[in-house]
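K.L.:
This is the structure I want to talk about, given as C-alpha cells.
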Amino acid sequence: MKERYPVLDVMKGVAIFLVVAGHVLAMCIRGIDRAPLFKFIGEIHMPLFFFVSGFLTLRRGKDGGIVMPGLGQRAVRLLLPMVAVSSLWVLWFPLSGLESPLPEGFAGLWGDEWKNGYWFTPVLFVITVLYIPSALLLSRLSGLWSRIAAIAAVWCVLAFAVDLLPPTWISAASLSLVVRFYPVFMAGAVAADCRAAFTAFCGRSSTQTVALAASALLISYVGWYWRYPAIPAWCLDVARPLLHIALAVLAFGVMSPWAARDTATVRMWSFLGRKSLAIYLLHYFFLFPAGGLRPLLESTELAIVPTAVVAAAIAAAIVAVVLIIDYVISFSAPLALLLTGARPKPETKAPQGV
C-alpha cells in the first residue's frame with residue numbers, strides 16, 4: 001500500500017477547482033481571456049497536478065531500488081477514459097451552446113496539441129513513459145545537484161529533439177506540453193525521494209519568501225510575456241519550469257500545516273483531490289453559456305475579486321453536479337473505469353443470514 005500524504009490530496013483538490021473555474025471564464029463566459037485571474041489560474045493549476053503526479057510516481061522497493069510504474073495500468077486509467085469521454089464531448093459540444101477557443105471536432109481532438117481540452121491525461125502518460133529512463137538515470141546519481149543537472153540535461157535534449165520533428169507529429173502527440181511539464185513532474189519525483197528534507201525545506205520561512213517572490217516575478221513575465229519584447233524568446237521556455245517548481249514549493253509549504261488538520265474544510269478539499277480525475281473528465285459536459293455575465297465583469301475592468309466570485313460560484317455548482325454523477329456512475333464498475341478512470345472496488349461478501 002502506498003503511504004498517503006494529505007497535502008497532496010489537498011493540492012489536487014485546489015488545482016481541480018481552479019481548472020473548473022478557469023474553464024468557466026474561458027468557455028462559459030468567454031471573451032475575457034485577458035482577465036488577470038484567468039492568467040493566474042492558467043499558470044497555477046496544471047503545474048500542481050504534474051508535481052503531485054511525479055511525487056506519487058516515485059516509489060522504492062524493499063531493496064532500495066526504484067520501482068517502475070506499470071504502464072499498462074496507467075494506460076487503462078488515463079488513456080481509455082480520455083478516448084471515451086473526449087469522443088462523447090466532441091459529439092455533445094455542438095449541442096452545448098458553448099464556444100471554445102480550441103479547434104473543434106475529431107480533427108481538433110486528435111490533431112491539435114490541446115485535444116479539445118483533454119490533453120492532460122495523454123501528456124501525463126507520455127511523461128510517465130519518459131520517467132522510466134529518467135528514473136534509471138537518477139538512480140545512478142546520489143547528490144541532489146547532480147540529479148537536478150541530469151533532469152535539466154534531459155529536458156534540454158527533449159526540447160531539442162521535439163524541434164526536429166514535423167509540426168503535425170508534435171501537435172498530435174502534444175509534445176510541446178510534454179516538454180513544458182516534464183521538469184515539474186521530475187521535480188515532484190526528486191522531492192518524493194527526499195521527502196523528509198523536502199518537507200523541512202518547504203516549511204522554512206526563507207524558502208517560502210523566495211518561492212513567493214519568484215512566483216510573483218515569473219508569473220508576471222510568463223503570463224504577459226508579450227509585454228517584454230526585448231527578452232529573448234528562449235527565456236520564456238526557461239522561465240516556465242522555474243515558475244512551476246516555485247509554485248509547487250510554495251503550495252506544498254503553505255498547504256502542509258493546513259492539510260494536517262482534521263477539519264471539514266480540509267476533508268472537503270481532500271475529497272475533491274481524490275475525485276480530481278473524475279471531475280476533470282466529466283466537468284466539460286456541465287459547462288453552460290453564461291455570456292450575460294460578461295458585461296457585468298467588463299464594467300468592473302475584470303477586477304480579480306468580482307471575477308473570482310463569479311468563477312468560484314459557477315465552478316462550485318458544476319463540481320457539485322459532477323460529484324453526483326460520479327457517485328451514480330460508481331455503481332457500475334465498467335462505466336466508472338470507462339468514464340472516470342476509477343479502479344474497480346473489491347467486492348465485499350454480504351453477511352450470511354442466521
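Identifiers in this document derive from the order of the C-alpha cells: chains are assigned A, B, ..., residues are numbered from 1 separately in each chain, and ligands are numbered from 1 in order of occurrence.
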DSSP on the backbone, then: every residue of region 194-277 of chain A marked alpha helix (DSSP H), written as a PyMOL selection string.

P.N.:
chain A and resi 195-202+205-222+234-259+264-274+276-277

K.L.:
List the neighbours of region 328-337 of chain A out to 10 Å using only C-alpha atoms; skip same-chain residues closer than 6 positions along the sequence, and give me the result as a PDB file with N, CA, C and O atoms, in the first residue's frame.

P.N.:
ATOM      1  N   VAL A  76      -4.695   2.189 -19.032  1.00  0.00           N
ATOM      2  CA  VAL A  76      -6.114   1.906 -18.809  1.00  0.00           C
ATOM      3  C   VAL A  76      -6.767   3.045 -18.037  1.00  0.00           C
ATOM      4  O   VAL A  76      -7.885   3.464 -18.348  1.00  0.00           O
ATOM      5  N   ARG A  77      -6.054   3.573 -17.039  1.00  0.00           N
ATOM      6  CA  ARG A  77      -6.658   4.594 -16.177  1.00  0.00           C
ATOM      7  C   ARG A  77      -6.624   5.975 -16.808  1.00  0.00           C
ATOM      8  O   ARG A  77      -7.496   6.799 -16.525  1.00  0.00           O
ATOM      9  N   LEU A  78      -5.658   6.262 -17.675  1.00  0.00           N
ATOM     10  CA  LEU A  78      -5.526   7.604 -18.232  1.00  0.00           C
ATOM     11  C   LEU A  78      -6.025   7.700 -19.670  1.00  0.00           C
ATOM     12  O   LEU A  78      -6.747   8.636 -20.024  1.00  0.00           O
ATOM     13  N   LEU A  80      -7.706   5.253 -21.673  1.00  0.00           N
ATOM     14  CA  LEU A  80      -9.021   4.683 -22.001  1.00  0.00           C
ATOM     15  C   LEU A  80     -10.153   5.671 -21.709  1.00  0.00           C
ATOM     16  O   LEU A  80     -10.971   5.956 -22.595  1.00  0.00           O
ATOM     17  N   PRO A  81     -10.255   6.251 -20.506  1.00  0.00           N
ATOM     18  CA  PRO A  81     -11.338   7.220 -20.275  1.00  0.00           C
ATOM     19  C   PRO A  81     -11.181   8.487 -21.095  1.00  0.00           C
ATOM     20  O   PRO A  81     -12.176   9.101 -21.481  1.00  0.00           O
ATOM     21  N   ALA A 278     -12.008  12.240 -12.054  1.00  0.00           N
ATOM     22  CA  ALA A 278     -13.410  12.187 -12.481  1.00  0.00           C
ATOM     23  C   ALA A 278     -13.934  13.588 -12.782  1.00  0.00           C
ATOM     24  O   ALA A 278     -14.649  13.802 -13.774  1.00  0.00           O
ATOM     25  N   VAL A 322     -21.148  17.275 -10.902  1.00  0.00           N
ATOM     26  CA  VAL A 322     -20.241  16.222 -11.365  1.00  0.00           C
ATOM     27  C   VAL A 322     -20.070  15.146 -10.294  1.00  0.00           C
ATOM     28  O   VAL A 322     -20.047  13.947 -10.602  1.00  0.00           O
ATOM     29  N   ARG A 343     -10.644   2.779 -10.486  1.00  0.00           N
ATOM     30  CA  ARG A 343     -10.313   1.368 -10.367  1.00  0.00           C
ATOM     31  C   ARG A 343     -11.500   0.619  -9.787  1.00  0.00           C
ATOM     32  O   ARG A 343     -12.194   1.131  -8.908  1.00  0.00           O
ATOM     33  N   PRO A 344     -11.735  -0.618 -10.246  1.00  0.00           N
ATOM     34  CA  PRO A 344     -12.840  -1.401  -9.672  1.00  0.00           C
ATOM     35  C   PRO A 344     -12.627  -1.614  -8.188  1.00  0.00           C
ATOM     36  O   PRO A 344     -11.514  -1.915  -7.734  1.00  0.00           O
ATOM     37  N   LYS A 345     -13.696  -1.443  -7.414  1.00  0.00           N
ATOM     38  CA  LYS A 345     -13.608  -1.655  -5.965  1.00  0.00           C
ATOM     39  C   LYS A 345     -13.707  -3.141  -5.660  1.00  0.00           C
ATOM     40  O   LYS A 345     -14.464  -3.865  -6.312  1.00  0.00           O
TER      41      LYS A 345
END

K.L.:
Write out as CSV a residue-level contact list of region 102-187 of chain A versus region 13-22 of chain A with cut-off 12 Å: for each qualifying residue the closest pair of atoms and the distance in Å to one decimal, counting only C-alpha atoms, rows sorted by chain and residue number upward.

P.N.:
residue,atom,partner,partner_atom,distance
A:Gly117,CA,A:Val19,CA,10.7
A:Tyr118,CA,A:Val19,CA,11.8
A:Phe120,CA,A:Val19,CA,11.2

K.L.:
So which one's closest to Arg59 (chain A), A:Ile32, A:Cys194, A:Ile151, A:Leu296? Using only C-alpha atoms, please.

P.N.:
A:Cys194

K.L.:
Could you produce a table of the residues of region 93-116 of chain A lying within 6 Å of region 169-193 of chain A, with the nearest pair of atoms per residue and their separation in Å rounded to one decimal, using only C-alpha atoms, ordered by chain and increasing residue number, as JSON lines?

P.N.:
{"residue": "A:Trp110", "atom": "CA", "partner": "A:Ala172", "partner_atom": "CA", "distance": 5.8}
{"residue": "A:Gly111", "atom": "CA", "partner": "A:Ala172", "partner_atom": "CA", "distance": 4.6}
{"residue": "A:Asp112", "atom": "CA", "partner": "A:Ser171", "partner_atom": "CA", "distance": 5.1}
{"residue": "A:Glu113", "atom": "CA", "partner": "A:Ser174", "partner_atom": "CA", "distance": 4.2}

K.L.:
Next, dump the selected residues to file, keeping only all heavy atoms, as a compact mmCIF listing (two decimals), in the first residue's frame.

P.N.:
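Dumped everything to again.txt:
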# COMPACT_ATOMS: atom_id res chain seq x y z
N TRP A 110 -7.67 14.87 -32.20
CA TRP A 110 -6.50 14.03 -32.48
C TRP A 110 -5.36 14.80 -33.15
O TRP A 110 -4.22 14.33 -33.13
CB TRP A 110 -6.91 12.86 -33.37
CG TRP A 110 -7.98 12.03 -32.73
CD1 TRP A 110 -9.24 11.82 -33.19
CD2 TRP A 110 -7.89 11.32 -31.49
NE1 TRP A 110 -9.95 11.03 -32.32
CE2 TRP A 110 -9.14 10.71 -31.27
CE3 TRP A 110 -6.88 11.15 -30.54
CZ2 TRP A 110 -9.40 9.93 -30.14
CZ3 TRP A 110 -7.14 10.39 -29.42
CH2 TRP A 110 -8.38 9.78 -29.23
N GLY A 111 -5.66 15.95 -33.74
CA GLY A 111 -4.60 16.66 -34.45
C GLY A 111 -4.03 17.85 -33.72
O GLY A 111 -2.90 18.27 -34.00
N ASP A 112 -4.78 18.41 -32.76
CA ASP A 112 -4.32 19.60 -32.04
C ASP A 112 -3.70 19.19 -30.71
O ASP A 112 -4.15 18.24 -30.07
CB ASP A 112 -5.49 20.55 -31.80
CG ASP A 112 -5.05 21.84 -31.13
OD1 ASP A 112 -4.36 22.64 -31.79
OD2 ASP A 112 -5.38 22.02 -29.95
N GLU A 113 -2.69 19.93 -30.26
CA GLU A 113 -2.00 19.56 -29.03
C GLU A 113 -2.88 19.66 -27.80
O GLU A 113 -2.65 18.96 -26.80
CB GLU A 113 -0.75 20.42 -28.85
CG GLU A 113 -1.02 21.89 -28.61
CD GLU A 113 0.27 22.67 -28.35
OE1 GLU A 113 1.29 22.03 -28.04
OE2 GLU A 113 0.24 23.91 -28.46

K.L.:
Which residue gives the smallest distance to Arg60 (chain A) among A:Ala135, A:Ile127, A:Leu48, A:Val310, with only C-alpha atoms counted?

P.N.:
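That would be A:Ala135, the residue with the smallest distance to Arg60 (chain A).
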
K.L.:
What is the distance, in Å and to one decimal place, between CA of Met68 (chain A) and CA of Leu137 (chain A)?

P.N.:
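It comes out at 12.6 Å.
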
K.L.:
Compare A:Ala214, A:Leu250, A:Ala311, A:Leu109 by their minimum atom-to-atom distance to Trp89 (chain A), counting only C-alpha atoms, and give me the closest one.

P.N.:
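Closest residue, counting only C-alpha atoms: A:Leu109.
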
K.L.:
For a quick check of understanding, using only C-alpha atoms, which of A:Leu297, A:Gln208, A:Val238, A:Ile219 has the smallest distance to Trp155 (chain A)?

P.N.:
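Counting only C-alpha atoms, the residue closest to Trp155 (chain A) is A:Val238.
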
K.L.:
A:Ala259, A:Val126, A:Ala197, A:Leu338: which is nearest Leu144 (chain A), counting only C-alpha atoms?

P.N.:
A:Ala197

K.L.:
Quick check, in Å to one decimal: how far apart do CA of Pro101 (chain A) and CA of Leu158 (chain A) lie?

P.N.:
27.9 Å

K.L.:
Quick one: everything within 12 Å of Pro306 (chain A), counting only C-alpha atoms, minus sequence neighbours fewer than 2 positions away in the same chain. Send it as a PyMOL selection string.

P.N.:
chain A and resi 35-37+293-294+296-304+308-313

K.L.:
Which residue is closest to Ser86 (chain A)? Choose from A:Gly273, A:Pro122, A:Gly70, A:Gly65 and count only C-alpha atoms.

P.N.:
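That would be A:Pro122, the residue with the smallest distance to Ser86 (chain A).
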